[in-house]
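The structure file upload.cif is reproduced below (mmCIF, C-alpha atoms and all ligand atoms).
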data_start
#
loop_
_atom_site.label_atom_id
_atom_site.label_comp_id
_atom_site.auth_asym_id
_atom_site.auth_seq_id
_atom_site.Cartn_x
_atom_site.Cartn_y
_atom_site.Cartn_z
CA MET A 3 -0.84 -1.99 -60.71
CA SER A 4 -4.06 -0.46 -59.53
CA ARG A 5 -4.42 3.25 -59.04
CA ARG A 6 -4.71 2.74 -55.29
CA THR A 7 -1.40 0.82 -55.07
CA VAL A 8 0.37 3.49 -57.06
CA LEU A 9 -0.91 6.16 -54.71
CA LYS A 10 0.17 4.14 -51.70
CA ALA A 11 3.67 3.60 -53.10
CA GLY A 12 3.94 7.29 -53.82
CA ALA A 13 2.89 8.19 -50.29
CA THR A 14 5.47 5.81 -48.80
CA LEU A 15 8.20 7.34 -50.93
CA LEU A 16 7.19 10.84 -49.86
CA LEU A 17 7.19 9.80 -46.23
CA SER A 18 10.68 8.34 -46.38
CA VAL A 19 11.92 11.58 -47.92
CA VAL A 20 10.48 13.94 -45.32
CA ALA A 21 11.00 11.67 -42.28
CA PRO A 22 14.07 12.53 -40.18
CA LEU A 23 17.07 10.29 -40.60
CA ARG A 24 16.58 8.63 -37.23
CA ALA A 25 13.26 7.59 -35.75
CA TYR A 26 11.88 9.79 -33.02
CA ALA A 27 13.62 8.98 -29.75
CA ALA A 28 11.52 8.84 -26.61
CA GLN A 29 12.51 11.11 -23.76
CA ILE A 30 13.00 9.82 -20.24
CA LEU A 31 11.48 12.44 -17.96
CA ALA A 32 12.31 11.00 -14.56
CA VAL A 33 13.72 7.90 -12.90
CA ARG A 34 12.66 6.79 -9.42
CA VAL A 35 13.75 3.92 -7.21
CA TRP A 36 11.66 2.62 -4.28
CA PRO A 37 13.57 0.00 -2.32
CA ALA A 38 11.63 -2.05 0.25
CA ASP A 39 11.75 -5.50 1.81
CA ASP A 40 8.57 -6.48 -0.04
CA TYR A 41 10.04 -5.56 -3.42
CA THR A 42 12.16 -2.90 -5.07
CA ARG A 43 10.54 -0.83 -7.77
CA VAL A 44 12.34 1.12 -10.48
CA THR A 45 10.22 3.55 -12.49
CA LEU A 46 11.16 5.20 -15.77
CA GLU A 47 8.77 8.01 -16.59
CA ASN A 48 8.64 8.85 -20.28
CA ASP A 49 6.86 11.03 -22.78
CA THR A 50 5.70 7.96 -24.68
CA ASP A 51 4.90 4.29 -24.14
CA LEU A 52 8.18 2.35 -24.16
CA LYS A 53 8.78 -1.17 -25.33
CA ALA A 54 11.11 -3.27 -23.22
CA THR A 55 12.30 -6.84 -23.24
CA HIS A 56 14.08 -8.44 -20.31
CA PHE A 57 15.86 -11.63 -19.38
CA ILE A 58 17.70 -13.06 -16.40
CA VAL A 59 21.35 -14.09 -16.53
CA LYS A 60 22.86 -16.36 -13.87
CA ASP A 61 26.28 -16.40 -12.14
CA PRO A 62 26.27 -13.70 -11.05
CA GLU A 63 22.52 -13.05 -10.90
CA ARG A 64 21.45 -10.13 -13.08
CA MET A 65 18.51 -8.82 -15.04
CA VAL A 66 19.10 -7.37 -18.48
CA VAL A 67 16.58 -4.96 -19.97
CA ASP A 68 16.59 -3.64 -23.52
CA ILE A 69 14.47 -0.59 -24.19
CA GLU A 70 13.66 0.28 -27.78
CA GLY A 71 13.42 3.74 -29.28
CA LEU A 72 15.62 5.33 -26.69
CA GLU A 73 18.86 7.27 -26.63
CA LEU A 74 20.90 7.54 -23.48
CA ASN A 75 20.37 10.85 -21.71
CA PRO A 76 21.58 12.34 -18.38
CA THR A 77 18.24 11.59 -16.65
CA LEU A 78 18.55 7.92 -17.48
CA LYS A 79 22.22 7.91 -16.47
CA SER A 80 21.21 9.34 -13.07
CA LEU A 81 19.63 5.96 -12.29
CA VAL A 82 23.09 4.59 -11.52
CA ALA A 83 23.52 6.92 -8.54
CA LYS A 84 19.97 6.33 -7.31
CA ILE A 85 20.56 2.72 -6.29
CA GLN A 86 21.32 2.76 -2.58
CA SER A 87 23.86 0.36 -1.13
CA ASN A 88 21.21 -0.95 1.28
CA ASP A 89 18.73 -1.80 -1.46
CA PRO A 90 17.51 -5.31 -0.56
CA TYR A 91 17.60 -6.65 -4.12
CA ILE A 92 19.74 -4.47 -6.40
CA LYS A 93 23.50 -4.31 -6.01
CA GLN A 94 23.98 -1.78 -8.78
CA VAL A 95 22.71 -0.86 -12.21
CA ARG A 96 24.66 -0.29 -15.39
CA VAL A 97 23.27 1.79 -18.24
CA GLY A 98 24.52 1.89 -21.82
CA GLN A 99 23.59 2.48 -25.45
CA ASN A 100 23.48 -1.14 -26.60
CA ARG A 101 22.97 -0.32 -30.26
CA PRO A 102 21.47 2.66 -32.08
CA ASN A 103 18.04 3.28 -30.70
CA VAL A 104 18.29 0.61 -27.96
CA VAL A 105 19.33 1.32 -24.40
CA ARG A 106 20.40 -1.58 -22.22
CA LEU A 107 20.06 -1.61 -18.43
CA VAL A 108 21.82 -4.31 -16.46
CA PHE A 109 20.65 -4.77 -12.87
CA ASP A 110 23.27 -6.62 -10.83
CA LEU A 111 21.21 -8.42 -8.20
CA LYS A 112 21.83 -9.37 -4.59
CA GLU A 113 19.64 -12.46 -4.87
CA GLU A 114 17.38 -14.29 -7.28
CA VAL A 115 14.30 -12.22 -8.11
CA THR A 116 10.99 -12.66 -9.88
CA PRO A 117 10.72 -9.53 -12.00
CA GLN A 118 7.49 -7.95 -13.13
CA VAL A 119 8.00 -5.58 -16.03
CA PHE A 120 4.98 -3.60 -17.22
CA THR A 121 3.90 -0.21 -18.51
CA LEU A 122 1.31 2.19 -17.15
CA PRO A 123 -0.64 4.79 -19.10
CA PRO A 124 -0.55 8.41 -17.86
CA ALA A 125 -2.23 8.80 -14.44
CA GLY A 126 -2.39 11.62 -11.88
CA ASN A 127 0.60 13.87 -12.49
CA TYR A 128 2.53 11.14 -14.26
CA LYS A 129 3.13 10.58 -17.95
CA HIS A 130 3.81 7.08 -19.34
CA ARG A 131 5.66 4.79 -16.97
CA LEU A 132 7.78 1.71 -17.51
CA ILE A 133 7.94 -0.23 -14.25
CA PHE A 134 10.37 -2.88 -13.01
CA ASP A 135 9.18 -4.56 -9.82
CA LEU A 136 11.78 -6.93 -8.42
CA TYR A 137 10.20 -9.39 -6.03
CA PRO A 138 12.13 -11.97 -4.03
CA VAL A 139 11.57 -15.48 -5.38
CA LYS A 140 10.03 -16.44 -2.06
CA ALA A 141 7.45 -13.77 -1.15
CA VAL A 142 8.06 -11.96 2.12
CA ASP A 143 5.84 -13.44 4.83
CA PRO A 144 4.63 -10.57 7.04
CA ILE A 145 4.88 -12.57 10.28
CA ALA A 146 8.34 -13.99 9.50
CA ALA A 147 9.55 -10.51 8.56
CA MET A 148 8.30 -9.05 11.83
CA ILE A 149 9.80 -11.85 13.92
CA GLU A 150 13.13 -11.18 12.23
CA LYS A 151 12.91 -7.49 13.11
CA GLY A 152 12.01 -8.40 16.70
CA ASP A 153 8.68 -6.79 16.00
CA TRP A 154 6.32 -9.66 16.72
CA THR A 155 5.39 -10.87 20.16
CA ASP A 156 4.09 -14.36 20.65
CA PRO A 157 2.34 -15.22 23.88
CA ALA A 158 4.22 -17.79 25.95
CA PRO A 159 3.21 -21.27 24.79
CA VAL A 160 0.44 -22.57 26.98
CA PRO A 161 -0.03 -26.28 27.65
CA GLU A 162 -3.54 -27.35 26.81
CA PRO A 163 -5.49 -28.12 30.02
CA PRO A 164 -6.48 -31.81 29.90
CA THR A 165 -10.22 -31.10 30.23
CA ALA A 166 -10.32 -28.24 27.75
CA PRO A 167 -12.71 -28.79 24.87
CA LYS A 168 -10.85 -28.92 21.60
CA LEU A 169 -11.75 -26.12 19.24
CA GLU A 170 -11.94 -26.96 15.60
CA PRO A 171 -9.60 -24.74 13.59
CA ARG A 172 -11.36 -21.73 12.00
CA GLU A 173 -14.54 -22.41 13.98
CA GLU A 174 -15.03 -19.31 16.02
CA PRO A 175 -17.31 -18.90 19.02
CA LYS A 176 -20.09 -16.32 18.97
CA LEU A 177 -19.33 -12.82 20.24
CA ALA A 178 -21.27 -13.53 23.48
CA ASP A 179 -18.78 -16.14 24.68
CA ALA A 180 -15.85 -14.41 23.14
CA LEU A 181 -14.06 -13.33 26.31
CA PRO A 182 -10.37 -14.16 26.11
CA LYS A 183 -9.66 -17.25 28.16
CA VAL A 184 -7.20 -16.47 30.93
CA ASP A 185 -6.18 -19.16 33.42
CA LYS A 186 -5.60 -18.58 37.14
CA GLN A 187 -1.91 -17.95 36.66
CA GLY A 188 -2.80 -15.44 34.00
CA LYS A 189 -0.90 -17.56 31.52
CA MET A 190 -3.44 -18.13 28.79
CA VAL A 191 -3.03 -15.09 26.62
CA ARG A 192 -5.03 -14.05 23.65
CA MET A 193 -2.85 -11.66 21.66
CA ILE A 194 -4.77 -8.93 19.89
CA THR A 195 -3.37 -8.16 16.47
CA ILE A 196 -3.98 -4.80 14.86
CA ALA A 197 -3.23 -4.02 11.24
CA LEU A 198 -2.28 -0.36 10.84
CA ASP A 199 -2.40 0.88 7.29
CA PRO A 200 -0.58 4.12 6.49
CA GLY A 201 -2.21 5.25 3.25
CA HIS A 202 -0.40 5.77 -0.08
CA GLY A 203 3.42 5.50 -0.32
CA GLY A 204 6.08 5.31 -3.02
CA GLU A 205 4.80 6.38 -6.43
CA ASP A 206 1.55 7.45 -4.79
CA PRO A 207 2.23 10.54 -2.64
CA GLY A 208 -1.43 10.98 -1.66
CA ALA A 209 -2.56 14.55 -1.07
CA SER A 210 -0.15 17.40 -0.50
CA GLY A 211 -0.29 20.54 1.59
CA LYS A 212 0.34 24.16 0.62
CA ASN A 213 3.69 24.02 2.39
CA GLY A 214 4.80 20.94 0.51
CA SER A 215 4.12 18.22 3.07
CA ARG A 216 2.88 14.95 1.65
CA GLU A 217 0.14 12.73 2.99
CA LYS A 218 2.21 9.55 2.60
CA ASP A 219 4.92 10.86 4.96
CA ILE A 220 2.55 12.27 7.58
CA VAL A 221 0.39 9.16 7.82
CA LEU A 222 3.46 6.91 8.13
CA ALA A 223 4.74 9.05 11.02
CA ILE A 224 1.34 8.90 12.75
CA ALA A 225 1.03 5.14 12.19
CA LYS A 226 4.47 4.53 13.70
CA ARG A 227 3.55 6.58 16.77
CA LEU A 228 0.29 4.71 17.06
CA LYS A 229 2.10 1.37 16.76
CA GLY A 230 4.39 2.27 19.67
CA LYS A 231 1.48 3.29 21.88
CA LEU A 232 -0.62 0.23 21.08
CA GLU A 233 2.29 -2.10 21.75
CA ASP A 234 2.77 -0.50 25.16
CA LEU A 235 -0.54 -2.13 26.08
CA PRO A 236 -0.43 -5.72 27.29
CA ASN A 237 -1.04 -8.47 24.73
CA MET A 238 -1.27 -6.19 21.76
CA ARG A 239 0.81 -6.39 18.63
CA VAL A 240 0.74 -4.34 15.48
CA MET A 241 1.43 -5.11 11.84
CA LEU A 242 2.11 -2.12 9.59
CA THR A 243 0.98 -2.72 6.01
CA ARG A 244 3.99 -0.61 5.00
CA ASP A 245 6.84 0.65 7.17
CA GLY A 246 8.63 2.67 4.50
CA ASP A 247 8.09 4.85 1.48
CA TYR A 248 6.90 2.38 -1.11
CA PHE A 249 3.68 1.56 -2.88
CA VAL A 250 1.42 -1.21 -1.58
CA PRO A 251 -1.67 -2.04 -3.70
CA LEU A 252 -4.99 -1.77 -1.86
CA GLY A 253 -5.72 -5.49 -2.22
CA THR A 254 -2.28 -6.37 -0.82
CA ARG A 255 -2.95 -4.24 2.26
CA VAL A 256 -6.09 -6.27 2.94
CA GLU A 257 -4.27 -9.51 2.20
CA LYS A 258 -1.48 -8.68 4.65
CA ALA A 259 -4.02 -8.02 7.40
CA ARG A 260 -5.71 -11.35 6.72
CA LYS A 261 -2.40 -13.21 6.71
CA VAL A 262 -1.69 -12.14 10.29
CA GLN A 263 -5.37 -12.77 11.20
CA ALA A 264 -5.73 -9.18 12.35
CA ASP A 265 -8.52 -8.37 14.79
CA LEU A 266 -8.82 -4.82 13.45
CA PHE A 267 -7.75 -2.91 10.37
CA VAL A 268 -7.14 0.83 10.73
CA SER A 269 -6.24 2.86 7.66
CA ILE A 270 -4.72 6.30 8.28
CA HIS A 271 -5.08 9.23 5.87
CA ALA A 272 -4.85 13.02 5.72
CA ASP A 273 -6.59 14.15 2.59
CA ALA A 274 -7.20 17.27 0.59
CA PHE A 275 -10.34 18.94 -0.58
CA VAL A 276 -10.87 21.47 -3.33
CA GLN A 277 -11.70 24.20 -0.83
CA PRO A 278 -8.77 24.93 1.47
CA THR A 279 -11.28 25.88 4.17
CA ALA A 280 -12.44 22.25 4.55
CA ARG A 281 -11.29 20.98 7.93
CA GLY A 282 -11.83 18.44 10.66
CA SER A 283 -11.36 14.72 11.22
CA SER A 284 -13.66 11.98 10.00
CA VAL A 285 -13.99 8.21 10.25
CA PHE A 286 -15.27 5.96 7.46
CA VAL A 287 -16.42 2.36 7.20
CA LEU A 288 -17.42 0.25 4.22
CA SER A 289 -20.89 0.59 2.79
CA GLU A 290 -22.97 -2.16 1.26
CA LYS A 291 -25.51 0.08 -0.40
CA GLY A 292 -23.93 3.26 -1.69
CA ALA A 293 -22.19 6.05 0.16
CA SER A 294 -23.67 7.92 3.13
CA SER A 295 -23.01 11.27 1.43
CA SER A 296 -21.68 12.55 -1.86
CA ALA A 297 -18.56 13.80 -0.08
CA ALA A 298 -17.93 10.28 1.26
CA ARG A 299 -18.37 8.83 -2.21
CA TRP A 300 -16.03 11.44 -3.67
CA LEU A 301 -13.40 10.60 -1.09
CA ALA A 302 -13.71 6.83 -1.56
CA ASP A 303 -13.35 7.27 -5.33
CA LYS A 304 -10.27 9.38 -4.74
CA GLU A 305 -8.72 6.87 -2.34
CA ASN A 306 -9.48 3.99 -4.69
CA LEU A 307 -7.39 5.77 -7.35
CA ALA A 308 -4.32 4.86 -5.29
CA ASP A 309 -3.81 1.71 -7.36
CA THR A 310 -3.92 3.68 -10.61
CA ILE A 311 -1.47 6.33 -9.43
CA GLY A 312 0.72 3.96 -7.40
CA GLY A 313 0.68 1.59 -10.36
CA VAL A 314 -0.41 -2.05 -10.17
CA ASN A 315 0.43 -4.72 -12.65
CA VAL A 316 -3.06 -5.43 -13.92
CA LYS A 317 -2.29 -9.04 -14.84
CA ASN A 318 -1.25 -9.85 -11.32
CA HIS A 319 -3.86 -7.71 -9.64
CA ASP A 320 -6.89 -9.68 -10.82
CA LYS A 321 -5.55 -12.84 -9.24
CA GLN A 322 -5.03 -10.97 -6.00
CA LEU A 323 -8.55 -9.59 -5.84
CA ALA A 324 -10.04 -13.01 -6.43
CA SER A 325 -8.10 -14.45 -3.52
CA VAL A 326 -9.46 -11.93 -1.05
CA LEU A 327 -13.04 -13.19 -1.56
CA PHE A 328 -14.70 -9.84 -1.22
CA ASP A 329 -18.37 -9.56 -0.34
CA LEU A 330 -18.44 -12.45 2.12
CA SER A 331 -19.95 -11.70 5.52
CA THR A 332 -19.69 -7.95 5.00
CA THR A 333 -22.82 -7.15 7.01
CA ALA A 334 -21.29 -8.46 10.23
CA GLN A 335 -18.01 -6.75 9.35
CA ILE A 336 -19.75 -3.42 8.76
CA ASN A 337 -21.67 -3.68 12.05
CA ASP A 338 -18.46 -4.24 14.01
CA SER A 339 -16.64 -1.57 12.00
CA MET A 340 -19.40 0.91 12.87
CA LYS A 341 -18.92 0.22 16.58
CA LEU A 342 -15.17 0.67 16.27
CA GLY A 343 -15.65 3.78 14.12
CA ARG A 344 -17.98 5.44 16.63
CA SER A 345 -15.65 4.70 19.49
CA VAL A 346 -12.64 6.17 17.68
CA LEU A 347 -14.55 9.16 16.29
CA GLY A 348 -15.79 9.99 19.80
CA GLU A 349 -12.22 10.15 21.09
CA ILE A 350 -10.87 12.15 18.15
CA GLY A 351 -13.71 14.61 18.73
CA GLY A 352 -12.04 15.44 22.02
CA ILE A 353 -8.86 16.69 20.35
CA ASN A 354 -9.88 18.03 16.94
CA ARG A 355 -12.92 19.49 15.29
CA LEU A 356 -14.93 16.80 13.52
CA HIS A 357 -15.70 17.21 9.85
CA LYS A 358 -18.93 15.34 10.46
CA GLY A 359 -20.28 14.15 13.79
CA SER A 360 -21.10 10.62 12.66
CA VAL A 361 -19.26 7.73 11.06
CA GLU A 362 -19.59 7.88 7.28
CA GLN A 363 -19.83 5.03 4.81
CA ALA A 364 -18.56 4.51 1.27
CA GLY A 365 -17.02 1.85 -0.96
CA PHE A 366 -13.36 2.10 0.08
CA ALA A 367 -11.50 -0.84 -1.48
CA VAL A 368 -9.06 -1.01 1.42
CA LEU A 369 -11.87 -1.67 3.93
CA LYS A 370 -13.07 -4.81 2.19
CA ALA A 371 -11.56 -7.54 4.36
CA PRO A 372 -14.71 -9.63 4.82
CA ASP A 373 -13.78 -10.80 8.31
CA ILE A 374 -11.90 -7.90 9.92
CA PRO A 375 -13.60 -4.80 11.39
CA SER A 376 -12.05 -2.03 9.31
CA ILE A 377 -12.07 1.75 9.55
CA LEU A 378 -10.43 4.56 7.61
CA ILE A 379 -9.47 7.65 9.60
CA GLU A 380 -9.09 10.97 7.85
CA THR A 381 -6.97 12.55 10.55
CA ALA A 382 -7.36 16.08 9.17
CA PHE A 383 -7.24 18.00 5.90
CA ILE A 384 -3.69 18.49 4.67
CA SER A 385 -5.14 21.05 2.23
CA ASN A 386 -6.09 23.31 5.13
CA PRO A 387 -2.91 25.26 6.07
CA GLU A 388 -3.85 25.32 9.76
CA GLU A 389 -4.47 21.58 9.83
CA GLU A 390 -1.35 20.91 7.75
CA ALA A 391 0.70 22.61 10.48
CA LYS A 392 -1.08 20.53 13.13
CA LEU A 393 -0.44 17.29 11.25
CA LEU A 394 3.29 18.07 11.19
CA ASP A 395 3.36 18.88 14.90
CA GLU A 396 4.72 16.08 17.10
CA ALA A 397 2.56 16.98 20.06
CA TYR A 398 -0.55 16.90 17.90
CA GLN A 399 0.46 13.58 16.33
CA ASN A 400 0.83 12.17 19.85
CA LYS A 401 -2.56 13.48 20.96
CA LEU A 402 -4.15 12.01 17.88
CA ALA A 403 -2.48 8.64 18.40
CA ASP A 404 -3.57 8.64 22.06
CA ALA A 405 -7.16 9.35 21.04
CA ILE A 406 -7.15 6.46 18.55
CA VAL A 407 -5.66 4.12 21.17
CA THR A 408 -8.38 5.07 23.66
CA GLY A 409 -11.03 4.54 21.00
CA ILE A 410 -9.68 1.08 20.21
CA ARG A 411 -9.50 0.17 23.91
CA ARG A 412 -13.08 1.29 24.46
CA TYR A 413 -14.18 -0.81 21.52
CA PHE A 414 -12.48 -3.93 22.91
CA ALA A 415 -13.89 -3.29 26.37
CA LYS A 416 -17.40 -3.56 24.92
CA ASN A 417 -16.59 -6.09 22.18
CA PRO A 418 -14.00 -8.56 23.45
CA PRO A 419 -12.01 -10.15 20.67
CA LEU A 420 -13.05 -13.58 19.54
CA ALA A 421 -11.09 -16.37 21.18
CA LYS A 422 -9.60 -17.57 17.94
CA ASN A 423 -7.87 -20.91 17.97
CA ARG A 424 -4.74 -19.68 16.34
CA LEU A 425 -1.22 -20.91 16.30
CA THR A 426 0.58 -17.61 16.12
ZN ZN B 501 -5.47 9.35 1.48
#

Would you give me this structure, written as structure tokens?
Amino acid sequence: MSRRTVLKAGATLLLSVVAPLRAYAAQILAVRVWPADDYTRVTLENDTDLKATHFIVKDPERMVVDIEGLELNPTLKSLVAKIQSNDPYIKQVRVGQNRPNVVRLVFDLKEEVTPQVFTLPPAGNYKHRLIFDLYPVKAVDPIAAMIEKGDWTDPAPVPEPPTAPKLEPREEPKLADALPKVDKQGKMVRMITIALDPGHGGEDPGASGKNGSREKDIVLAIAKRLKGKLEDLPNMRVMLTRDGDYFVPLGTRVEKARKVQADLFVSIHADAFVQPTARGSSVFVLSEKGASSSAARWLADKENLADTIGGVNVKNHDKQLASVLFDLSTTAQINDSMKLGRSVLGEIGGINRLHKGSVEQAGFAVLKAPDIPSILIETAFISNPEEEAKLLDEAYQNKLADAIVTGIRRYFAKNPPLAKNRLT
């Protein structure tokens, strides 16, 4: 036996003497459940990286998860009461100490799911997270979901006039001859579809105000108001990238807008700045060559952190990004986005102080739909107590929504939507 081996054996012996009888048990710090039609997420936040294995059992459908290095504690037990009866995918959860050092969770399911189980390193205010995302086997189609909710208006089917030239699918006329075709009876209708994107959601609260209000709640309220007002206009329909408090990855927001062939993408935010005195509204579009100011770059970097804080499954995410085909035809997109941005900024300037008098540019990931004019509106600074109060005020939310509607209408008056040959 070499000297080195002897030393090593001695060290091991010493270690086993001083080590506690049981291995260190990880502590669950918090459990959170985010039910949504898209998917239900269950988060276990822990002081260390947890190891979990899972499998699906049939008849009845359930998912069994074994977590190593864990002892049952009251926080973990509180998960049972956190599953709501209206959760789309989880009927109930059972929690138990399966064997020493292994906790077993059994999710009784309402239907077959495709689970994604992954861990996230500490980010934002969070420590380690173990995530269970339960997706329906057949992904939710945004149009089908809206039709089911009675939230999607189709124009009346129009018989093709016999002499009408047949448009090739996906071949779109130039902007100059883009006027919507309306026949004498006013029957031929070109529906305008707007994707409204309330920022953040779920695990990602966004910025928060001094008085405790959260960006994710305020922007959802504003987006819902805006949706109502836009849909009061003829031939306009709205798709919300999220209609509840759950996390939607940035790439998925863009993908949803493309799935419904949105004519515009409008992302709504209410951010914070280090100085509470910062105030005013601003409008941003994508930039091809760097940000228009360091503040714009700072903000884009901060917004792009949403995926890190909200928590994306990296394995899945790469596939998603590839499918969006970023960087195609962005110049045309940015030109149109600028026009939309100016029009909206002009209207918002009538109801709130502007942070900067011109549309700013930076590399916001959520504005990267290559074929949809896209803007991001910072409605006001939630970190400014005066503006936080305004953002919570219904009358102000209405004024803001009205201003955005007018801005969008002005944009379409000057830039009629392309007469897309679409089926929906
Ligand atoms: Zn934001």

Exercise for the section: Could you report the residues within 10 Å of ligand ZN 501 (chain B), using all atoms listed in the file, as number ranges by chain? Expected result: A: 200-203, 206-210, 217-218, 221, 269-274, 301-302, 304-308, 378-381, 383-384

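The neighbours of Glu396 in chain A here are the residues that come within 10 Å of it, using all atoms listed in the file and leaving out any residue fewer than 5 positions away in the same chain; they are A:Ala223, A:Ile224, A:Arg227, A:Lys401, A:Leu402.
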
Problem - Shortest interatomic distance to Asp68 in chain A - which of A:Val44, A:Val105, A:Asp39, A:Glu390, counting only C-alpha atoms - result: A:Val105

Problem - Proximity to Tyr398 in chain A - best of A:Met241, A:Met193, A:Val108, A:Ile220, all atoms listed in the file - result: A:Ile220

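CA of Lys231 in chain A sits 25.6 Å away from CA of Gly359 in chain A.
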
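Our summary of the geometry notes that CA of Val104 in chain A is positioned 10.0 Å from CA of Lys53 in chain A.
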
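The space between CA of Leu52 in chain A and CA of Glu73 in chain A spans 12.0 Å.
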
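Distances to Ala83 in chain A were evaluated for A:Thr243, A:Ile196, A:Ala259, A:Val95 using all atoms listed in the file, and the minimum falls at A:Val95.
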
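Proximity of A:Asp143, A:Phe414, A:Ile149, A:Asn354 to Asp265 in chain A, computed with only C-alpha atoms, is greatest for A:Phe414.
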
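Candidate residues A:Val115, A:Leu122, A:Leu266, A:Leu31 were compared for distance to Ala141 in chain A, and the nearest is A:Val115, using only C-alpha atoms.
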
Problem - Selected residue, from A:Leu369, A:Leu232, A:Ala293, A:Ala364, that lies nearest to Ile406 in chain A when counting only C-alpha atoms - result: A:Leu232

Practice task
Within 9 Å of Ala334 in chain A, counting all atoms listed in the file, which residues show up once you throw out same-chain ones fewer than 3 positions away? Write them as an MDAnalysis selection string, please.
Solution key: chainID A and resid 331 337:339 372:373 375
